[in-house]
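Enquirer: Below are the structure tokens for one structure; questions will follow.
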Amino acid sequence: MPAPISIVIPTLNSETDLYETFGSLFEGIENNLIRELIISDGGSKDKTISIACDVGAVIVEGLCSRGLQISKGIDQSLGDWILILHADTSLSLDWSVKILQKTDKNFAYYFKLKFKSNSMFARILEYWAQIRSKFLCLPYGDQGLFIHRDLLKAIGGFPKIPIMEDVALADKLNGKIKPMNIHVNTSAEKYQNKGWIRQSMINFFIFIQFRLGKDPHKLFKHYYNN
């Protein structure tokens, strides 16, 4: 019987993060859960592709657009369940023991966020992520996503937009999303580089502009120029 999970990771110059992310996946291979690892790359100039090839990943290449990259990766996948992770996000120990317990294919699942930082601001944002996800049904992409192929097909597929694809997907799911008792550890580099408050304000601004109907392609350019 084929392993049930396809893992899709969008990448762009992600060489510094991939070793840890890939390392966290090995237990899923040992427990016959991972059918394939798909790297959907947006034009990396570093060693991302060679690192992915070294672990036997399926490589999909295309434009730099996270939603489009994820969608293209999903199109290449074969597993019944699809696990979407950011390149700088690793799964916590024993995730493979928990991930298929009490799952319902009519719901998508997200994980508990943990930043790779000892900052007080990291703890505040982690708590806010729990509140936002639970009460607004609005987890972000750095929390990971676990979804059955049938549900993804039923809601019309993954949003093919370069930014806010996680928010657009949550809208499509319309509340059909639940937490899972698995932690994901994600990089805090952008917060540490730009400042926790400044980066949080940028994120909030982009979210509000998206909600007001602004073109996500223009928001993408604005976000990465800040």
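Chain identifiers are assigned as A, B, and so on, following the order in which chains appear in the structure tokens; residues are numbered from 1 within each chain, and ligands are numbered from 1 in order of appearance.
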Need to verify the contact set: A:Pro2, 9 Å, only C-alpha atoms, exclusion of same-chain residues closer than 3 positions in sequence. Can you return it as a list in words?

Expert: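 Once the nearby chain positions are removed, what remains is Asn32, Leu33, Ile34, Arg35 and Gly79 of chain A.
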
Enquirer: Could the residues in this selection be saved with all heavy atoms as a tab-separated table (two decimals), in the first residue's frame?

Expert:
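Saved file selection-v3.tsv follows:
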```tsv
chain	number	residue	atom	x	y	z
A	32	ASN	N	6.92	4.89	7.03
A	32	ASN	CA	6.19	4.66	5.77
A	32	ASN	C	4.99	5.59	5.60
A	32	ASN	O	3.91	5.17	5.18
A	32	ASN	CB	5.74	3.19	5.67
A	32	ASN	CG	5.31	2.82	4.25
A	32	ASN	OD1	5.87	3.33	3.28
A	32	ASN	ND2	4.32	1.96	4.14
A	33	LEU	N	5.20	6.85	5.92
A	33	LEU	CA	4.13	7.85	5.77
A	33	LEU	C	4.33	8.73	4.54
A	33	LEU	O	3.36	9.22	3.95
A	33	LEU	CB	4.06	8.75	7.01
A	33	LEU	CG	3.54	8.12	8.29
A	33	LEU	CD1	3.57	9.15	9.42
A	33	LEU	CD2	2.13	7.58	8.11
A	34	ILE	N	5.59	8.97	4.17
A	34	ILE	CA	5.88	9.93	3.10
A	34	ILE	C	6.00	9.21	1.76
A	34	ILE	O	6.89	8.39	1.55
A	34	ILE	CB	7.16	10.71	3.40
A	34	ILE	CG1	6.99	11.52	4.70
A	34	ILE	CG2	7.50	11.65	2.24
A	34	ILE	CD1	8.23	12.28	5.11
A	35	ARG	N	5.11	9.55	0.87
A	35	ARG	CA	5.15	8.96	-0.48
A	35	ARG	C	6.18	9.66	-1.36
A	35	ARG	O	6.85	9.03	-2.18
A	35	ARG	CB	3.76	9.06	-1.11
A	35	ARG	CG	3.68	8.44	-2.48
A	35	ARG	CD	2.25	8.17	-2.87
A	35	ARG	NE	2.14	7.53	-4.16
A	35	ARG	CZ	1.02	7.00	-4.64
A	35	ARG	NH1	-0.08	7.04	-3.91
A	35	ARG	NH2	0.99	6.42	-5.82
A	79	GLY	N	0.01	11.53	-3.26
A	79	GLY	CA	-0.52	11.08	-1.98
A	79	GLY	C	-1.96	11.51	-1.73
A	79	GLY	O	-2.43	12.50	-2.29
```

Enquirer: Using the chain letters and numbers from this document, which residues of stretch 1-225 of chain A does DSSP assign to strand (DSSP E), as a ChimeraX atom specification?

Expert: /A:5-11,34-41,58-61,81-84,89-91,108-115,145-148,177-186

Enquirer: Go through stretch 72-103 of chain A residue by residue and, counting only C-alpha atoms, keep those with an atom at most 7 Å from stretch 134-153 of chain A; for each kept residue give the shortest atom pair and its distance in Å to one decimal, ordered by chain and increasing number, as JSON lines.

Expert:
```
{"residue": "A:Asp80", "atom": "CA", "partner": "A:Arg149", "partner_atom": "CA", "distance": 5.5}
{"residue": "A:Trp81", "atom": "CA", "partner": "A:His148", "partner_atom": "CA", "distance": 4.4}
{"residue": "A:Ile82", "atom": "CA", "partner": "A:Ile147", "partner_atom": "CA", "distance": 5.4}
{"residue": "A:Leu83", "atom": "CA", "partner": "A:Phe146", "partner_atom": "CA", "distance": 4.5}
{"residue": "A:Ile84", "atom": "CA", "partner": "A:Leu145", "partner_atom": "CA", "distance": 5.1}
{"residue": "A:Leu85", "atom": "CA", "partner": "A:Gly144", "partner_atom": "CA", "distance": 4.9}
{"residue": "A:His86", "atom": "CA", "partner": "A:Asp142", "partner_atom": "CA", "distance": 6.0}
{"residue": "A:Thr89", "atom": "CA", "partner": "A:Asp142", "partner_atom": "CA", "distance": 6.7}
```

Enquirer: When you count only C-alpha atoms, which of these residues is closest to A:Leu68: A:Ile197, A:Ala108, A:Met164, A:Val55?

Expert: A:Met164

Enquirer: Between atom CA of A:Gly213 and atom CA of A:Arg198, what distance in Å does the model show, to one decimal?

Expert: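 One can read the atom CA of A:Gly213 to atom CA of A:Arg198 distance as 23.0 Å.
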
Enquirer: Find the residues of stretch 58-105 of chain A that sit at most 7 Å from stretch 177-189 of chain A; for each, write down the nearest two atoms and how far apart they are in Å, to one decimal. Count only C-alpha atoms. Sort by chain, then by number going up, and give it as JSON lines.

Expert:
```
{"residue": "A:Asp88", "atom": "CA", "partner": "A:Ser187", "partner_atom": "CA", "distance": 5.7}
{"residue": "A:Thr89", "atom": "CA", "partner": "A:Thr186", "partner_atom": "CA", "distance": 4.3}
{"residue": "A:Ser90", "atom": "CA", "partner": "A:Asn185", "partner_atom": "CA", "distance": 5.2}
{"residue": "A:Leu91", "atom": "CA", "partner": "A:Val184", "partner_atom": "CA", "distance": 4.7}
{"residue": "A:Ser92", "atom": "CA", "partner": "A:His183", "partner_atom": "CA", "distance": 5.3}
{"residue": "A:Trp95", "atom": "CA", "partner": "A:Ile182", "partner_atom": "CA", "distance": 6.0}
```

Enquirer: Pick out each residue of stretch 39-217 of chain A that DSSP on the backbone tags as alpha helix (DSSP H); I need them as a ChimeraX atom specification.

Expert: /A:48-54,66-76,95-98,120-136,149-154,165-173,189-194,196-211,216-217

Enquirer: Only C-alpha atoms, please: the residues just picked out, written as a compact mmCIF listing (two decimals), in the first residue's frame.

Expert:
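Once everything was written out, this is selection.txt:
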```txt
# COMPACT_ATOMS: atom_id res chain seq x y z
CA THR A 48 18.68 24.70 -2.98
CA ILE A 49 18.12 22.43 -5.98
CA SER A 50 21.26 20.34 -5.43
CA ILE A 51 20.39 19.83 -1.74
CA ALA A 52 16.88 18.74 -2.70
CA CYS A 53 18.25 16.36 -5.34
CA ASP A 54 20.59 14.82 -2.76
CA ARG A 66 4.43 30.99 -3.40
CA GLY A 67 0.80 30.17 -4.15
CA LEU A 68 1.62 29.17 -7.72
CA GLN A 69 4.65 27.19 -6.58
CA ILE A 70 2.59 25.26 -4.04
CA SER A 71 -0.18 24.67 -6.57
CA LYS A 72 2.32 23.30 -9.12
CA GLY A 73 3.81 21.05 -6.47
CA ILE A 74 0.38 19.72 -5.56
CA ASP A 75 -0.31 19.02 -9.24
CA GLN A 76 2.74 16.71 -9.27
CA TRP A 95 5.09 14.26 14.45
CA SER A 96 4.75 11.04 12.43
CA VAL A 97 3.11 9.27 15.38
CA LYS A 98 0.41 11.93 15.71
CA MET A 120 9.69 37.82 24.30
CA PHE A 121 8.15 39.07 21.06
CA ALA A 122 8.39 35.55 19.64
CA ARG A 123 6.29 34.20 22.52
CA ILE A 124 3.73 36.98 22.02
CA LEU A 125 3.39 36.24 18.29
CA GLU A 126 3.11 32.51 18.98
CA TYR A 127 0.25 33.16 21.38
CA TRP A 128 -1.43 35.49 18.88
CA ALA A 129 -1.10 32.83 16.17
CA GLN A 130 -3.01 30.38 18.40
CA ILE A 131 -5.76 32.92 19.07
CA ARG A 132 -6.02 33.99 15.43
CA SER A 133 -6.12 30.41 14.21
CA LYS A 134 -8.63 29.16 16.76
CA PHE A 135 -11.13 32.00 16.79
CA LEU A 136 -10.75 33.42 13.28
CA ARG A 149 -6.66 15.83 -1.76
CA ASP A 150 -10.45 15.44 -1.98
CA LEU A 151 -11.06 18.52 0.18
CA LEU A 152 -8.57 20.59 -1.78
CA LYS A 153 -10.29 19.60 -5.00
CA ALA A 154 -13.72 20.37 -3.52
CA GLU A 165 -2.21 32.58 -0.39
CA ASP A 166 -2.67 31.24 3.14
CA VAL A 167 -5.40 33.79 3.88
CA ALA A 168 -7.11 33.07 0.55
CA LEU A 169 -7.05 29.35 1.31
CA ALA A 170 -8.54 29.89 4.78
CA ASP A 171 -11.36 31.83 3.10
CA LYS A 172 -11.99 28.92 0.75
CA LEU A 173 -12.04 26.45 3.64
CA GLU A 189 15.13 35.74 10.68
CA LYS A 190 12.90 38.33 9.01
CA TYR A 191 11.71 39.57 12.42
CA GLN A 192 15.24 39.69 13.79
CA ASN A 193 16.53 41.53 10.72
CA LYS A 194 13.77 44.13 10.46
CA TRP A 196 9.70 42.34 15.60
CA ILE A 197 7.35 45.32 15.74
CA ARG A 198 8.22 46.66 12.29
CA GLN A 199 7.83 43.28 10.60
CA SER A 200 4.53 42.70 12.41
CA MET A 201 3.25 46.06 11.19
CA ILE A 202 4.29 45.25 7.61
CA ASN A 203 2.46 41.93 7.82
CA PHE A 204 -0.66 43.62 9.19
CA PHE A 205 -0.57 46.30 6.48
CA ILE A 206 -0.34 43.68 3.71
CA PHE A 207 -3.19 41.70 5.29
CA ILE A 208 -5.46 44.77 5.48
CA GLN A 209 -4.65 45.78 1.91
CA PHE A 210 -5.46 42.27 0.72
CA ARG A 211 -8.76 42.34 2.59
CA PRO A 216 -1.75 40.49 -4.53
CA HIS A 217 0.92 40.89 -7.24
```

Enquirer: A:Gly28, A:His222, A:Tyr19, A:Leu63: which is nearest A:Lys47, counting only C-alpha atoms?

Expert: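 For A:Lys47, the nearest of the given residues is A:Tyr19.
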
Enquirer: Any idea what the distance is between atom CA of A:Gly43 and atom CA of A:Ser14?

Expert: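 Atom CA of A:Gly43 sits 10.6 Å away from atom CA of A:Ser14.
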